[in-house]
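Novice: My structure is below; once you've seen it, I'll send some questions.
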Amino acid sequence: MTVERAQQEKRDFIRMKIDTPLRAQITGNGIAAEGLCHELSGGGMKIATEHYLEPGTELEVTITSEHGHSPTLRAKTKVVRTESDGSLHRIGLEILEILH
């Protein structure tokens with residue numbers, strides 16, 4: 001068994017690669033950011049944006065289907081990690097609450 005396979009089996013949720021646009025609003029100050037959601041699971045998501053977000057920052061994230069037939073996902077999230085590569089930031093978000 002490879003190390004990668006062992007790590008995958010320890011995850012609580014399956015990750016789906018979705019690569020869909022998202023909009024995020026920082027809780028409390030109204031600053032909005034746009035980007036792409038690359039991965040989504042029951043416990044979090046991996047996004048890419050040009051906006052740097054500090055770990056611990058809480059966001060309200062909205063993801064809509066490009067096809068318009070799936071429901072919109074709105075969630076309260078928290079930044080758990082940020083990796084920067086020039087002007088692009090890959091951010092790991094923990095889902096705190098699904099919003100209606």
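Identifiers in this document derive from the order of the structure tokens: chains are assigned A, B, ..., residues are numbered from 1 separately in each chain, and ligands are numbered from 1 in order of occurrence.
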List the spatial neighbours of region 28-45 of chain A as number ranges by chain - criterion: any atom at most 10 Å away, only C-alpha atoms, same-chain residues fewer than 2 positions off excluded.
Specialist: A: 11-26, 47-53, 58-63, 75, 77-80, 88-97
Novice: Could you write those residues out with N, CA and C atoms, as a CSV table (one decimal), in the first residue's frame?
Specialist:
```csv
chain,number,residue,atom,x,y,z
A,11,ARG,N,-9.3,9.5,5.3
A,11,ARG,CA,-10.2,10.7,5.2
A,11,ARG,C,-11.6,10.3,5.6
A,12,ASP,N,-12.3,11.2,6.2
A,12,ASP,CA,-13.7,10.9,6.6
A,12,ASP,C,-14.7,11.0,5.4
A,13,PHE,N,-14.3,11.8,4.4
A,13,PHE,CA,-15.2,12.1,3.3
A,13,PHE,C,-14.4,11.9,1.9
A,14,ILE,N,-15.2,11.4,0.9
A,14,ILE,CA,-14.6,11.3,-0.4
A,14,ILE,C,-14.5,12.7,-1.0
A,15,ARG,N,-13.4,12.9,-1.7
A,15,ARG,CA,-13.2,14.2,-2.4
A,15,ARG,C,-13.7,14.1,-3.8
A,16,MET,N,-14.4,15.1,-4.3
A,16,MET,CA,-14.9,15.2,-5.7
A,16,MET,C,-14.1,16.3,-6.4
A,17,LYS,N,-13.5,16.0,-7.5
A,17,LYS,CA,-12.9,17.1,-8.3
A,17,LYS,C,-14.0,17.7,-9.1
A,18,ILE,N,-14.2,19.1,-8.9
A,18,ILE,CA,-15.4,19.7,-9.6
A,18,ILE,C,-15.0,20.9,-10.5
A,19,ASP,N,-13.9,21.6,-10.2
A,19,ASP,CA,-13.4,22.7,-11.0
A,19,ASP,C,-14.5,23.6,-11.4
A,20,THR,N,-15.2,24.3,-10.5
A,20,THR,CA,-16.3,25.1,-10.8
A,20,THR,C,-16.1,26.5,-10.2
A,21,PRO,N,-16.6,27.6,-10.8
A,21,PRO,CA,-16.5,28.9,-10.2
A,21,PRO,C,-17.1,29.0,-8.8
A,22,LEU,N,-16.6,29.9,-8.0
A,22,LEU,CA,-17.2,30.2,-6.7
A,22,LEU,C,-17.0,31.6,-6.4
A,23,ARG,N,-17.8,32.0,-5.4
A,23,ARG,CA,-17.8,33.4,-4.9
A,23,ARG,C,-17.7,33.3,-3.4
A,24,ALA,N,-16.8,34.0,-2.8
A,24,ALA,CA,-16.6,34.0,-1.3
A,24,ALA,C,-16.7,35.4,-0.8
A,25,GLN,N,-17.3,35.5,0.4
A,25,GLN,CA,-17.4,36.8,1.1
A,25,GLN,C,-16.8,36.6,2.5
A,26,ILE,N,-15.9,37.5,2.8
A,26,ILE,CA,-15.3,37.4,4.1
A,26,ILE,C,-16.3,37.8,5.2
A,47,ILE,N,-9.8,25.4,-2.9
A,47,ILE,CA,-10.1,26.5,-3.9
A,47,ILE,C,-8.8,27.1,-4.3
A,48,ALA,N,-8.9,27.9,-5.4
A,48,ALA,CA,-7.8,28.7,-5.9
A,48,ALA,C,-8.4,30.1,-6.2
A,49,THR,N,-7.7,31.1,-5.8
A,49,THR,CA,-8.1,32.5,-6.0
A,49,THR,C,-6.9,33.4,-6.0
A,50,GLU,N,-7.0,34.6,-6.5
A,50,GLU,CA,-6.0,35.6,-6.6
A,50,GLU,C,-5.9,36.3,-5.3
A,51,HIS,N,-6.9,36.1,-4.4
A,51,HIS,CA,-6.9,36.8,-3.1
A,51,HIS,C,-6.3,36.0,-2.0
A,52,TYR,N,-5.3,36.6,-1.3
A,52,TYR,CA,-4.7,35.8,-0.2
A,52,TYR,C,-5.6,35.9,1.0
A,53,LEU,N,-5.8,34.7,1.6
A,53,LEU,CA,-6.7,34.6,2.8
A,53,LEU,C,-5.9,33.9,3.9
A,58,GLU,N,-12.9,33.4,8.3
A,58,GLU,CA,-14.1,32.8,8.0
A,58,GLU,C,-14.8,33.4,6.8
A,59,LEU,N,-15.3,32.6,5.9
A,59,LEU,CA,-15.9,33.0,4.7
A,59,LEU,C,-17.3,32.4,4.5
A,60,GLU,N,-18.1,33.1,3.7
A,60,GLU,CA,-19.3,32.4,3.2
A,60,GLU,C,-19.1,32.2,1.8
A,61,VAL,N,-19.1,30.9,1.4
A,61,VAL,CA,-18.8,30.5,0.0
A,61,VAL,C,-20.1,30.1,-0.7
A,62,THR,N,-20.2,30.5,-2.0
A,62,THR,CA,-21.3,30.1,-2.8
A,62,THR,C,-20.8,29.5,-4.1
A,63,ILE,N,-21.3,28.3,-4.4
A,63,ILE,CA,-20.9,27.5,-5.6
A,63,ILE,C,-22.2,27.2,-6.3
A,75,ALA,N,-22.1,27.8,2.0
A,75,ALA,CA,-21.6,27.3,3.2
A,75,ALA,C,-20.8,28.3,4.0
A,77,THR,N,-17.5,28.7,6.0
A,77,THR,CA,-16.2,28.0,6.0
A,77,THR,C,-15.1,28.7,6.8
A,78,LYS,N,-14.0,28.0,7.0
A,78,LYS,CA,-12.9,28.6,7.7
A,78,LYS,C,-11.6,28.2,6.9
A,79,VAL,N,-10.7,29.1,6.7
A,79,VAL,CA,-9.4,28.8,6.0
A,79,VAL,C,-8.6,28.0,7.0
A,80,VAL,N,-8.1,26.8,6.6
A,80,VAL,CA,-7.3,26.0,7.4
A,80,VAL,C,-5.8,26.0,6.9
A,88,LEU,N,-1.3,33.4,-7.4
A,88,LEU,CA,-2.4,32.4,-7.2
A,88,LEU,C,-2.2,31.7,-5.8
A,89,HIS,N,-3.3,31.6,-5.1
A,89,HIS,CA,-3.3,31.1,-3.8
A,89,HIS,C,-4.3,29.8,-3.8
A,90,ARG,N,-3.7,28.7,-3.3
A,90,ARG,CA,-4.5,27.5,-3.1
A,90,ARG,C,-4.9,27.4,-1.7
A,91,ILE,N,-6.2,27.3,-1.4
A,91,ILE,CA,-6.6,27.5,0.0
A,91,ILE,C,-7.5,26.3,0.3
A,92,GLY,N,-7.2,25.7,1.5
A,92,GLY,CA,-8.0,24.6,2.1
A,92,GLY,C,-9.0,25.2,3.0
A,93,LEU,N,-10.3,24.9,2.8
A,93,LEU,CA,-11.4,25.4,3.6
A,93,LEU,C,-12.1,24.3,4.4
A,94,GLU,N,-12.4,24.5,5.6
A,94,GLU,CA,-13.2,23.6,6.4
A,94,GLU,C,-14.6,24.1,6.4
A,95,ILE,N,-15.6,23.2,6.1
A,95,ILE,CA,-17.0,23.6,6.1
A,95,ILE,C,-17.5,23.6,7.5
A,96,LEU,N,-17.9,24.7,8.0
A,96,LEU,CA,-18.4,24.8,9.4
A,96,LEU,C,-19.9,24.6,9.4
A,97,GLU,N,-20.6,25.1,8.4
A,97,GLU,CA,-22.1,25.0,8.4
A,97,GLU,C,-22.6,25.1,6.9
```
Novice: Run DSSP on the backbone and tell me which residues of region 15-83 of chain A come out as strand (DSSP E); list them as JSON, numbers by chain.
Specialist: {"A": [16, 17, 18, 19, 20, 21, 22, 23, 24, 25, 26, 32, 33, 34, 35, 36, 37, 38, 39, 40, 44, 45, 46, 47, 48, 49, 58, 59, 60, 61, 62, 63, 73, 74, 75, 76, 77, 78, 79, 80, 81, 82, 83]}
Novice: Using DSSP on the backbone, list every residue of chain A that comes out as helix (DSSP H, G or I), and give them as an NGL selection string.
Specialist: :A and (3-10)
Novice: Name the closest residue to Leu99 (chain A) among the candidates A:Glu54, A:Arg74, A:Lys46, A:Thr27; distances are taken between atoms, counting only C-alpha atoms.
Specialist: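 Among the listed residues, A:Arg74 lies closest to Leu99 (chain A).
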Novice: Choose the residue, out of A:Gly86, A:Gly56, A:Arg81, A:Lys76, that has the smallest atom-to-atom separation from Ile98 (chain A); count only C-alpha atoms.
Specialist: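 Among the listed residues, A:Lys76 lies closest to Ile98 (chain A).
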